[in-house]
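target_32.pdb (PDB, C-alpha atoms)
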```pdb
ATOM      1  CA  MET A  16       0.000   0.000   0.000
ATOM      2  CA  ARG A  17       2.901   2.319   0.735
ATOM      3  CA  GLU A  18       3.981   1.943  -2.918
ATOM      4  CA  LEU A  19       0.619   3.250  -4.147
ATOM      5  CA  VAL A  20      -0.449   5.815  -1.548
ATOM      6  CA  ASP A  21       1.536   8.590   0.093
ATOM      7  CA  PRO A  22       2.746   6.863   3.298
ATOM      8  CA  ASN A  23       2.018  10.061   5.235
ATOM      9  CA  ASN A  24      -1.683   9.414   4.546
ATOM     10  CA  ILE A  25      -1.547   5.953   6.151
ATOM     11  CA  THR A  26      -2.228   5.434   9.844
ATOM     12  CA  ILE A  27      -1.426   2.109  11.489
ATOM     13  CA  VAL A  28      -3.293   1.279  14.695
ATOM     14  CA  ALA A  29      -1.051  -1.290  16.346
ATOM     15  CA  ASN A  30      -1.917  -4.043  18.790
ATOM     16  CA  THR A  31      -0.340  -3.495  22.209
ATOM     17  CA  ALA A  32      -1.715  -6.598  23.925
ATOM     18  CA  ASP A  33       1.444  -8.497  22.976
ATOM     19  CA  ASN A  34       3.564  -5.947  24.867
ATOM     20  CA  ILE A  35       5.688  -7.506  27.569
ATOM     21  CA  TRP A  36       8.022  -6.528  30.396
ATOM     22  CA  LEU A  37      11.360  -8.311  30.040
ATOM     23  CA  LEU A  38      14.572  -7.420  31.880
ATOM     24  CA  ASP A  39      12.617  -4.477  33.346
ATOM     25  CA  LEU A  40      12.177  -3.119  29.832
ATOM     26  CA  TYR A  41       8.826  -2.431  28.211
ATOM     27  CA  ILE A  42       8.805  -4.145  24.819
ATOM     28  CA  ALA A  43       6.105  -3.413  22.232
ATOM     29  CA  PRO A  44       6.655  -5.822  19.315
ATOM     30  CA  ASP A  45       3.779  -4.815  17.023
ATOM     31  CA  VAL A  46       4.274  -1.093  17.600
ATOM     32  CA  ASP A  47       7.981  -1.479  16.876
ATOM     33  CA  SER A  48       7.480  -3.527  13.710
ATOM     34  CA  ALA A  49       5.072  -0.890  12.387
ATOM     35  CA  THR A  50       7.497   1.885  13.367
ATOM     36  CA  TYR A  51      10.461   0.193  11.707
ATOM     37  CA  LEU A  52       8.389  -0.405   8.569
ATOM     38  CA  ALA A  53       7.350   3.246   8.419
ATOM     39  CA  SER A  54      10.979   4.283   8.971
ATOM     40  CA  GLY A  55      12.445   1.991   6.325
ATOM     41  CA  LEU A  56      14.346   0.057   8.999
ATOM     42  CA  LEU A  57      12.350  -3.166   9.263
ATOM     43  CA  ASP A  58      14.167  -6.429   8.688
ATOM     44  CA  THR A  59      11.796  -7.719   6.017
ATOM     45  CA  ASN A  60      13.429 -11.150   5.963
ATOM     46  CA  ARG A  61      11.979 -11.806   9.415
ATOM     47  CA  TYR A  62       9.410  -9.021   9.658
ATOM     48  CA  TRP A  63      10.608  -8.079  13.120
ATOM     49  CA  GLY A  64      13.595  -6.131  14.363
ATOM     50  CA  ILE A  65      15.904  -3.715  12.571
ATOM     51  CA  MET A  66      17.743  -4.768   9.440
ATOM     52  CA  ASN A  67      21.483  -5.385   9.780
ATOM     53  CA  ASP A  68      21.208  -5.218  13.567
ATOM     54  CA  THR A  69      23.811  -6.889  15.790
ATOM     55  CA  PHE A  70      23.109  -9.041  18.828
ATOM     56  CA  ASN A  71      26.052  -8.464  21.133
ATOM     57  CA  ALA A  72      23.982  -7.452  24.159
ATOM     58  CA  TYR A  73      21.571 -10.360  23.743
ATOM     59  CA  ASN A  74      24.395 -12.895  23.412
ATOM     60  CA  MET A  75      26.045 -11.477  26.522
ATOM     61  CA  ILE A  76      22.776 -11.607  28.488
ATOM     62  CA  LYS A  77      22.096 -15.152  27.307
ATOM     63  CA  GLY A  78      25.452 -16.208  28.762
ATOM     64  CA  PHE A  79      24.144 -15.315  32.222
ATOM     65  CA  GLU A  80      21.171 -17.672  31.705
ATOM     66  CA  ILE A  81      18.659 -14.898  32.346
ATOM     67  CA  LEU A  82      16.881 -14.695  28.979
ATOM     68  CA  ASP A  83      17.448 -17.094  26.122
ATOM     69  CA  TRP A  84      14.194 -17.179  24.153
ATOM     70  CA  PHE A  85      13.300 -13.583  23.234
ATOM     71  CA  ILE A  86      15.916 -12.222  20.837
ATOM     72  CA  LEU A  87      16.794  -8.537  21.131
ATOM     73  CA  GLY A  88      18.988  -6.727  18.623
ATOM     74  CA  ASP A  89      21.300  -3.999  19.875
ATOM     75  CA  LYS A  90      19.524  -1.148  18.061
ATOM     76  CA  ASP A  91      16.171  -2.670  18.948
ATOM     77  CA  LEU A  92      17.284  -2.800  22.581
ATOM     78  CA  ALA A  93      18.021   0.931  22.472
ATOM     79  CA  ILE A  94      14.396   1.591  21.494
ATOM     80  CA  HIS A  95      13.161  -0.462  24.468
ATOM     81  CA  ILE A  96      15.443   1.452  26.823
ATOM     82  CA  VAL A  97      14.200   4.804  25.512
ATOM     83  CA  ARG A  98      10.561   3.724  25.738
ATOM     84  CA  THR A  99      10.939   2.434  29.298
ATOM     85  CA  TYR A 100      12.799   5.571  30.390
ATOM     86  CA  MET A 101      10.023   7.816  29.069
ATOM     87  CA  LEU A 102       7.220   5.576  30.319
ATOM     88  CA  LYS A 103       8.579   5.645  33.861
ATOM     89  CA  ARG A 104       8.490   9.438  33.683
ATOM     90  CA  GLY A 105       4.752   9.394  33.085
ATOM     91  CA  ILE A 106       4.738  10.017  29.347
ATOM     92  CA  ARG A 107       1.911   8.376  27.392
ATOM     93  CA  LEU A 108       2.795   5.427  25.186
ATOM     94  CA  THR A 109       1.216   7.307  22.266
ATOM     95  CA  GLU A 110       3.502  10.300  22.812
ATOM     96  CA  ILE A 111       6.529   8.025  23.231
ATOM     97  CA  THR A 112       5.717   6.252  19.970
ATOM     98  CA  LYS A 113       5.322   9.600  18.205
ATOM     99  CA  HIS A 114       8.716  10.742  19.502
ATOM    100  CA  ILE A 115      10.388   7.519  18.361
ATOM    101  CA  CYS A 116       8.705   7.764  14.936
ATOM    102  CA  ASN A 117       9.787  11.379  14.528
ATOM    103  CA  THR A 118      13.360  10.588  15.557
ATOM    104  CA  LEU A 119      13.527   7.670  13.118
ATOM    105  CA  LYS A 120      11.932   9.831  10.378
ATOM    106  CA  ALA A 121       8.962   7.533   9.922
ATOM    107  CA  ARG A 122       6.629   8.272   7.025
ATOM    108  CA  GLY A 123       3.102   7.635   8.205
ATOM    109  CA  VAL A 124       1.457   7.547  11.603
ATOM    110  CA  VAL A 125       1.821   4.688  14.082
ATOM    111  CA  LEU A 126      -0.646   4.663  16.974
ATOM    112  CA  PRO A 127      -0.778   2.222  19.897
ATOM    113  CA  MET A 128      -4.356   1.006  20.305
ATOM    114  CA  SER A 129      -4.383   2.308  23.902
ATOM    115  CA  ASP A 130      -2.138   3.931  26.487
ATOM    116  CA  GLU A 131      -3.341   1.438  29.109
ATOM    117  CA  HIS A 132      -1.405  -1.805  29.488
ATOM    118  CA  VAL A 133      -3.086  -4.951  28.146
ATOM    119  CA  GLU A 134      -1.628  -8.447  27.947
ATOM    120  CA  THR A 135      -2.923 -11.393  25.948
ATOM    121  CA  HIS A 136      -2.579 -14.636  27.892
ATOM    122  CA  LEU A 137      -3.430 -18.107  26.642
ATOM    123  CA  ASN A 138      -4.556 -20.891  28.899
ATOM    124  CA  THR A 139      -2.960 -24.001  27.409
ATOM    125  CA  ASP A 140      -2.122 -27.553  28.373
ATOM    126  CA  LEU A 141       1.340 -26.163  29.209
ATOM    127  CA  GLY A 142      -0.226 -23.739  31.674
ATOM    128  CA  GLU A 143      -0.934 -20.029  31.363
ATOM    129  CA  LEU A 144       1.347 -18.367  28.811
ATOM    130  CA  HIS A 145       1.865 -14.756  27.813
ATOM    131  CA  VAL A 146       1.234 -14.516  24.070
ATOM    132  CA  GLN A 147       4.970 -13.926  23.487
ATOM    133  CA  GLU A 148       5.807 -17.077  25.416
ATOM    134  CA  TYR A 149       3.266 -19.019  23.374
ATOM    135  CA  LEU A 150       4.410 -17.690  19.998
ATOM    136  CA  VAL A 151       8.153 -17.306  20.508
ATOM    137  CA  LYS A 152       9.171 -19.656  23.285
ATOM    138  CA  TYR A 153       7.023 -22.653  22.369
ATOM    139  CA  ALA A 154       5.003 -22.528  19.131
ATOM    140  CA  ALA A 155       7.968 -21.338  17.067
ATOM    141  CA  LYS A 156      10.122 -24.222  18.294
ATOM    142  CA  GLN A 157       7.707 -27.139  18.110
ATOM    143  CA  ASP A 158       4.563 -28.225  16.310
ATOM    144  CA  PRO A 159       2.006 -25.634  17.534
ATOM    145  CA  THR A 160      -0.844 -28.112  17.037
ATOM    146  CA  LYS A 161       0.584 -29.992  20.011
ATOM    147  CA  ILE A 162      -0.026 -27.009  22.314
ATOM    148  CA  LYS A 163      -3.733 -27.084  23.094
ATOM    149  CA  VAL A 164      -5.227 -23.624  23.547
ATOM    150  CA  LEU A 165      -8.152 -23.694  25.952
ATOM    151  CA  LYS A 166      -8.931 -20.008  26.399
ATOM    152  CA  ILE A 167      -7.660 -16.518  25.600
ATOM    153  CA  GLU A 168      -7.664 -13.741  28.175
ATOM    154  CA  TYR A 169      -6.950 -10.116  27.348
ATOM    155  CA  LYS A 170      -5.821  -8.986  30.776
ATOM    156  CA  GLY A 171      -6.499  -5.312  31.417
ATOM    157  CA  ILE A 172      -8.783  -4.906  28.390
ATOM    158  CA  ASP A 173     -11.753  -3.799  30.533
ATOM    159  CA  GLY A 174      -9.798  -0.720  31.578
ATOM    160  CA  ALA A 175      -8.277  -0.007  28.181
ATOM    161  CA  LYS A 176      -9.755   2.745  26.060
ATOM    162  CA  ALA A 177      -8.846   3.947  22.608
ATOM    163  CA  THR A 178      -6.774   7.115  22.642
ATOM    164  CA  PRO A 179      -8.141  10.359  21.188
ATOM    165  CA  GLU A 180      -5.601   9.925  18.401
ATOM    166  CA  VAL A 181      -6.993   6.487  17.459
ATOM    167  CA  LEU A 182     -10.597   7.671  17.532
ATOM    168  CA  ASN A 183      -9.690  10.728  15.463
ATOM    169  CA  ALA A 184      -7.933   8.520  12.905
ATOM    170  CA  LEU A 185     -10.992   6.267  12.611
ATOM    171  CA  THR A 186     -13.327   9.251  12.351
ATOM    172  CA  ASN A 187     -11.364  10.780   9.482
ATOM    173  CA  ALA A 188     -10.397   7.625   7.595
ATOM    174  CA  ASP A 189     -11.482   7.283   3.952
ATOM    175  CA  VAL A 190     -11.131   3.515   4.261
ATOM    176  CA  ILE A 191     -10.465   1.163   7.182
ATOM    177  CA  ILE A 192      -8.555  -2.040   6.465
ATOM    178  CA  LEU A 193      -8.229  -4.951   8.866
ATOM    179  CA  GLY A 194      -4.966  -6.507   7.759
ATOM    180  CA  PRO A 195      -4.280 -10.227   7.426
ATOM    181  CA  SER A 196      -2.978 -10.669  10.958
ATOM    182  CA  ASN A 197      -4.042 -13.288  13.493
ATOM    183  CA  PRO A 198      -7.725 -12.436  14.158
ATOM    184  CA  LEU A 199      -7.727 -13.503  17.815
ATOM    185  CA  LEU A 200      -4.184 -12.622  18.888
ATOM    186  CA  SER A 201      -3.466  -9.450  16.906
ATOM    187  CA  ILE A 202      -6.717  -7.866  15.688
ATOM    188  CA  ASN A 203      -9.234  -8.757  18.403
ATOM    189  CA  PRO A 204      -7.429  -6.884  21.220
ATOM    190  CA  ILE A 205      -7.642  -3.715  19.118
ATOM    191  CA  LEU A 206     -11.343  -4.247  18.431
ATOM    192  CA  LEU A 207     -12.024  -4.930  22.130
ATOM    193  CA  THR A 208     -10.385  -1.677  23.187
ATOM    194  CA  LYS A 209     -13.160   0.649  24.341
ATOM    195  CA  GLY A 210     -14.383   2.801  21.482
ATOM    196  CA  VAL A 211     -12.706   1.074  18.563
ATOM    197  CA  ARG A 212     -15.386  -1.381  17.457
ATOM    198  CA  GLU A 213     -18.151   1.179  17.963
ATOM    199  CA  TYR A 214     -16.365   3.818  15.893
ATOM    200  CA  ILE A 215     -15.616   1.367  13.068
ATOM    201  CA  ARG A 216     -19.234   0.195  13.038
ATOM    202  CA  ARG A 217     -20.472   3.777  12.811
ATOM    203  CA  ARG A 218     -18.140   4.492   9.917
ATOM    204  CA  ARG A 219     -19.380   1.419   8.057
ATOM    205  CA  GLU A 220     -22.980   2.493   8.629
ATOM    206  CA  ILE A 221     -22.382   5.813   6.852
ATOM    207  CA  GLY A 222     -20.759   4.101   3.888
ATOM    208  CA  VAL A 223     -17.049   4.138   4.693
ATOM    209  CA  PRO A 224     -15.495   0.956   3.247
ATOM    210  CA  VAL A 225     -14.323  -1.379   6.019
ATOM    211  CA  ILE A 226     -12.368  -4.183   4.402
ATOM    212  CA  ALA A 227     -10.791  -7.253   5.971
ATOM    213  CA  VAL A 228      -8.110  -9.338   4.290
ATOM    214  CA  SER A 229      -8.132 -13.012   5.217
ATOM    215  CA  PRO A 230      -4.902 -14.413   6.673
ATOM    216  CA  ILE A 231      -6.058 -17.940   5.831
ATOM    217  CA  ARG A 232      -6.154 -19.905   2.599
ATOM    218  CA  SER A 233      -7.404 -23.490   2.254
ATOM    219  CA  GLY A 234      -7.799 -23.770   6.027
ATOM    220  CA  ARG A 235      -4.255 -22.709   6.904
ATOM    221  CA  ALA A 236      -2.640 -19.404   7.831
ATOM    222  CA  PHE A 237       0.135 -18.291   5.504
ATOM    223  CA  THR A 238       2.350 -17.813   8.559
ATOM    224  CA  GLY A 239       1.769 -18.346  12.238
ATOM    225  CA  VAL A 240      -0.960 -20.093  14.159
ATOM    226  CA  ALA A 241      -4.184 -18.251  13.285
ATOM    227  CA  HIS A 242      -5.959 -21.344  11.948
ATOM    228  CA  ILE A 243      -4.837 -23.429  14.932
ATOM    229  CA  VAL A 244      -6.071 -20.953  17.551
ATOM    230  CA  LEU A 245      -9.348 -20.392  15.700
ATOM    231  CA  GLU A 246     -10.078 -24.124  15.605
ATOM    232  CA  TYR A 247      -9.158 -24.732  19.243
ATOM    233  CA  LEU A 248     -11.523 -21.962  20.311
ATOM    234  CA  GLY A 249     -14.455 -23.207  18.259
ATOM    235  CA  PHE A 250     -14.264 -21.070  15.128
ATOM    236  CA  GLU A 251     -14.082 -22.395  11.606
ATOM    237  CA  PRO A 252     -10.393 -22.211  10.592
ATOM    238  CA  SER A 253     -11.099 -20.573   7.271
ATOM    239  CA  ALA A 254     -11.850 -17.261   5.608
ATOM    240  CA  TYR A 255     -15.449 -17.812   6.709
ATOM    241  CA  GLY A 256     -14.374 -18.021  10.361
ATOM    242  CA  VAL A 257     -12.472 -14.748   9.945
ATOM    243  CA  ALA A 258     -15.469 -13.063   8.302
ATOM    244  CA  GLU A 259     -17.724 -14.295  11.103
ATOM    245  CA  LEU A 260     -15.488 -12.702  13.734
ATOM    246  CA  TYR A 261     -15.670  -9.350  11.949
ATOM    247  CA  SER A 262     -19.236  -9.630  10.648
ATOM    248  CA  ASP A 263     -20.628  -6.728  12.688
ATOM    249  CA  ILE A 264     -18.077  -4.182  11.455
ATOM    250  CA  ILE A 265     -16.825  -5.024   7.950
ATOM    251  CA  SER A 266     -18.484  -4.303   4.620
ATOM    252  CA  ASN A 267     -16.136  -6.440   2.520
ATOM    253  CA  ILE A 268     -13.611  -9.241   2.881
ATOM    254  CA  VAL A 269     -10.887 -10.260   0.463
ATOM    255  CA  ILE A 270     -10.287 -14.008   0.340
ATOM    256  CA  ASP A 271      -8.041 -16.167  -1.783
ATOM    257  CA  SER A 272      -9.347 -17.189  -5.198
ATOM    258  CA  SER A 273      -8.874 -20.845  -4.227
ATOM    259  CA  ASP A 274     -11.484 -20.354  -1.475
ATOM    260  CA  GLU A 275     -14.158 -19.234  -3.923
ATOM    261  CA  TYR A 276     -16.603 -21.821  -2.559
ATOM    262  CA  LEU A 277     -16.620 -19.905   0.753
ATOM    263  CA  ALA A 278     -17.736 -16.702  -0.942
ATOM    264  CA  TYR A 279     -21.321 -17.927  -1.291
ATOM    265  CA  LYS A 280     -21.439 -18.915   2.369
ATOM    266  CA  ILE A 281     -20.016 -15.585   3.521
ATOM    267  CA  ARG A 282     -22.392 -13.561   1.361
ATOM    268  CA  GLY A 283     -25.437 -15.696   2.098
ATOM    269  CA  THR A 284     -24.962 -16.231   5.830
ATOM    270  CA  LEU A 285     -23.183 -13.068   6.913
ATOM    271  CA  GLY A 286     -24.264 -10.578   4.264
ATOM    272  CA  ILE A 287     -20.694  -9.454   3.618
ATOM    273  CA  GLU A 288     -19.411  -8.656   0.148
ATOM    274  CA  VAL A 289     -16.550 -10.915  -0.964
ATOM    275  CA  THR A 290     -13.725 -10.192  -3.376
ATOM    276  CA  LEU A 291     -11.496 -12.963  -4.706
ATOM    277  CA  ALA A 292      -7.782 -12.291  -5.152
ATOM    278  CA  ASN A 293      -4.349 -13.792  -4.853
ATOM    279  CA  ILE A 294      -3.606 -13.017  -1.196
ATOM    280  CA  THR A 295      -0.311 -14.914  -0.983
ATOM    281  CA  MET A 296       1.908 -11.783  -0.915
ATOM    282  CA  ASP A 297       5.134 -13.698  -1.468
ATOM    283  CA  THR A 298       6.719 -11.032  -3.704
ATOM    284  CA  ILE A 299       6.658  -7.239  -3.763
ATOM    285  CA  ASP A 300       4.684  -7.395  -7.013
ATOM    286  CA  SER A 301       1.998  -9.604  -5.471
ATOM    287  CA  LYS A 302       1.803  -7.280  -2.452
ATOM    288  CA  ILE A 303       1.336  -4.257  -4.705
ATOM    289  CA  ALA A 304      -1.275  -6.124  -6.755
ATOM    290  CA  LEU A 305      -3.288  -6.905  -3.629
ATOM    291  CA  ALA A 306      -3.030  -3.292  -2.429
ATOM    292  CA  GLN A 307      -4.209  -2.135  -5.860
ATOM    293  CA  LYS A 308      -7.148  -4.529  -5.615
ATOM    294  CA  LEU A 309      -8.117  -2.960  -2.284
ATOM    295  CA  LEU A 310      -7.913   0.551  -3.711
ATOM    296  CA  SER A 311     -10.020  -0.510  -6.698
ATOM    297  CA  MET A 312     -12.634  -1.922  -4.330
ATOM    298  CA  VAL A 313     -12.755   1.393  -2.478
ATOM    299  CA  SER A 314     -13.126   3.363  -5.726
ATOM    300  CA  GLU A 315     -15.902   1.070  -6.933
ATOM    301  CA  LYS A 316     -17.791   1.278  -3.644
ATOM    302  CA  LEU A 317     -17.583   5.077  -3.593
ATOM    303  CA  ARG A 318     -18.622   5.243  -7.277
ATOM    304  CA  LYS A 319     -21.744   3.176  -6.522
ATOM    305  CA  GLN A 320     -22.582   5.426  -3.568
ATOM    306  CA  ASP A 321     -22.286   8.528  -5.727
ATOM    307  CA  HIS A 322     -24.457   6.907  -8.404
ATOM    308  CA  ASN A 323     -27.147   6.064  -5.864
TER     309      ASN A 323
END
```
Encoded form (structure tokens):
Amino acid sequence: MRELVDPNNITIVANTADNIWLLDLYIAPDVDSATYLASGLLDTNRYWGIMNDTFNAYNMIKGFEILDWFILGDKDLAIHIVRTYMLKRGIRLTEITKHICNTLKARGVVLPMSDEHVETHLNTDLGELHVQEYLVKYAAKQDPTKIKVLKIEYKGIDGAKATPEVLNALTNADVIILGPSNPLLSINPILLTKGVREYIRRRREIGVPVIAVSPIRSGRAFTGVAHIVLEYLGFEPSAYGVAELYSDIISNIVIDSSDEYLAYKIRGTLGIEVTLANITMDTIDSKIALAQKLLSMVSEKLRKQDHN
């Protein structure tokens, strides 16, 4: 999308429920990945961390047997130190993120979903795990289907409210896109933050396109554990299950062309418009093509509204 639209006109509302305190540092993985992307620093081979970073501090720490599962690059570590320093001085996470973005010359706006702390925890057959423990410490190192997820808790979500900046962004958006991230672990905490779902629903009701992109094709997530978590928690592990989760707020969903048979079910049961596309995004060209498809959908929807 950044290849087709001025990045300064793009606002990313980032999940903060995967934030975690480690080594007395406040780490915000999704916020940082969005910030590094907007700053041209993201390591796109891994889609986390800063490209060409070194790991001297992490390797030294690991030698003391204090932390050996959550990898921290040296430049990345500097960001966590700065964030923690400012946070402990009473500065809002939103303001901290803005300062970091400005310093790194980010193009575009990155907003934490809330300034209140929220943590996603999973009750599993291994016990209660922070979402980072589940994803990084265990699921990334063994077959995630062997870790049974019994329940998800978004701790602190009842007290978390969307910031004025997030609500302003939603109010003024020409289009709202729910990206192809894990629906329960990455998107749902944002939607559960007080104000977010209601504002998106209102925007849809007045004709603003609200489009979701499925992270699942043929019953499997392209990366990660979205299909596994959905199935364990009783949802259909498919584009239909994703559409069902978002059915009260989205006007359209983009699903893979190979899942065409689900389009009839989504339209008929949920009343959501479906667009078929190649959603693999394995090359820059395929990513641009999908972004162009989204923009074309927006143009078509607005054209129909003007005609009516």
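Against the coordinates shown, the PyMOL selection byres ((chain A and resi 235-245) around 8) returns Pro159, Thr160, Val164, Asn197, Pro198, Leu199, Leu200, Pro230, Ile231, Arg232, Ser233, Gly234, Glu246, Tyr247, Leu248, Gly249, Phe250, Glu251, Pro252, Ser253, Gly256 and Thr295 of chain A.
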Need to verify the contact set: A:Asn24, 9 Å, all atoms listed in the file, exclusion of same-chain residues closer than 5 positions in sequence. Can you return it as a JSON list (two decimals) with C-alpha atoms, in the coordinates of the input?
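Once written, selection-v6.json looks like this:
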```json
[["chain", "number", "residue", "atom", "x", "y", "z"],
["A", 122, "ARG", "CA", 6.63, 8.27, 7.02],
["A", 123, "GLY", "CA", 3.10, 7.64, 8.20],
["A", 124, "VAL", "CA", 1.46, 7.55, 11.60]]
```
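Distance annotation: of A:Trp36, A:Gly222, A:Ala53, A:Glu80, the residue with the minimal separation from A:Leu317 is A:Gly222; atom set is all atoms listed in the file.
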Please provide as a list in words all residues within 10 Å of A:Gly142, with the sequence filter that same-chain residues fewer than 5 positions apart are discarded (counting only C-alpha atoms).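 That gives Leu137, Ile162, Lys163, Val164 and Leu165 of chain A.
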Neighbour list for A:Pro195 as an mmCIF file with C-alpha atoms, keeping the file's coordinate frame, cut-off 8 Å, only C-alpha atoms, skip fewer than 6 positions in-chain:
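So the final result, stored in around_35.cif, reads:
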```cif
data_model
loop_
_atom_site.group_PDB
_atom_site.id
_atom_site.type_symbol
_atom_site.label_atom_id
_atom_site.label_comp_id
_atom_site.auth_asym_id
_atom_site.auth_seq_id
_atom_site.Cartn_x
_atom_site.Cartn_y
_atom_site.Cartn_z
ATOM 1 C CA ALA A 227 -10.791 -7.253 5.971
ATOM 2 C CA VAL A 228 -8.110 -9.338 4.290
ATOM 3 C CA SER A 229 -8.132 -13.012 5.217
ATOM 4 C CA PRO A 230 -4.902 -14.413 6.673
#
```
Residue neighbourhood stretch 274-290 of chain A, 9 Å, only C-alpha atoms, exclusion window fewer than 6 positions, as JSON, numbers by chain: {"A": [232, 233, 253, 254, 255, 258, 259, 262, 263, 265, 266, 267, 268, 308, 312]}
Written selection (C-alpha atoms) as a short mmCIF file (atom, residue, chain, number, x, y, z; two decimals), in the coordinates of the input:
```
data_model
loop_
_atom_site.label_atom_id
_atom_site.label_comp_id
_atom_site.auth_asym_id
_atom_site.auth_seq_id
_atom_site.Cartn_x
_atom_site.Cartn_y
_atom_site.Cartn_z
CA ARG A 232 -6.15 -19.90 2.60
CA SER A 233 -7.40 -23.49 2.25
CA SER A 253 -11.10 -20.57 7.27
CA ALA A 254 -11.85 -17.26 5.61
CA TYR A 255 -15.45 -17.81 6.71
CA ALA A 258 -15.47 -13.06 8.30
CA GLU A 259 -17.72 -14.30 11.10
CA SER A 262 -19.24 -9.63 10.65
CA ASP A 263 -20.63 -6.73 12.69
CA ILE A 265 -16.82 -5.02 7.95
CA SER A 266 -18.48 -4.30 4.62
CA ASN A 267 -16.14 -6.44 2.52
CA ILE A 268 -13.61 -9.24 2.88
CA LYS A 308 -7.15 -4.53 -5.62
CA MET A 312 -12.63 -1.92 -4.33
#
```
List as a PyMOL selection string the protein and nucleic acid residues near A:Ile191, meaning an atom at most 7 Å away when all atoms listed in the file are counted, but skip any in the same chain fewer than 3 places from it. chain A and resi 188+224-226
Quick one: of A:Ser54, A:Glu168, A:Ile94, A:Val211, who's nearest to A:His145, counting only C-alpha atoms?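 Smallest distance to A:His145 is found for A:Glu168.
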With the PyMOL selection byres ((chain A and resi 97-104) around 12) as the selection, what would be picked from this file? Answer as a PyMOL selection string, please. chain A and resi 34-43+46-47+90-96+105-116+118+130-132
Nearest to A:Pro179 among A:Met128, A:Leu141, A:Val223, A:Leu305, with distances taken over all atoms listed in the file: which residue is it?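 Among the listed residues, A:Met128 lies closest to A:Pro179.
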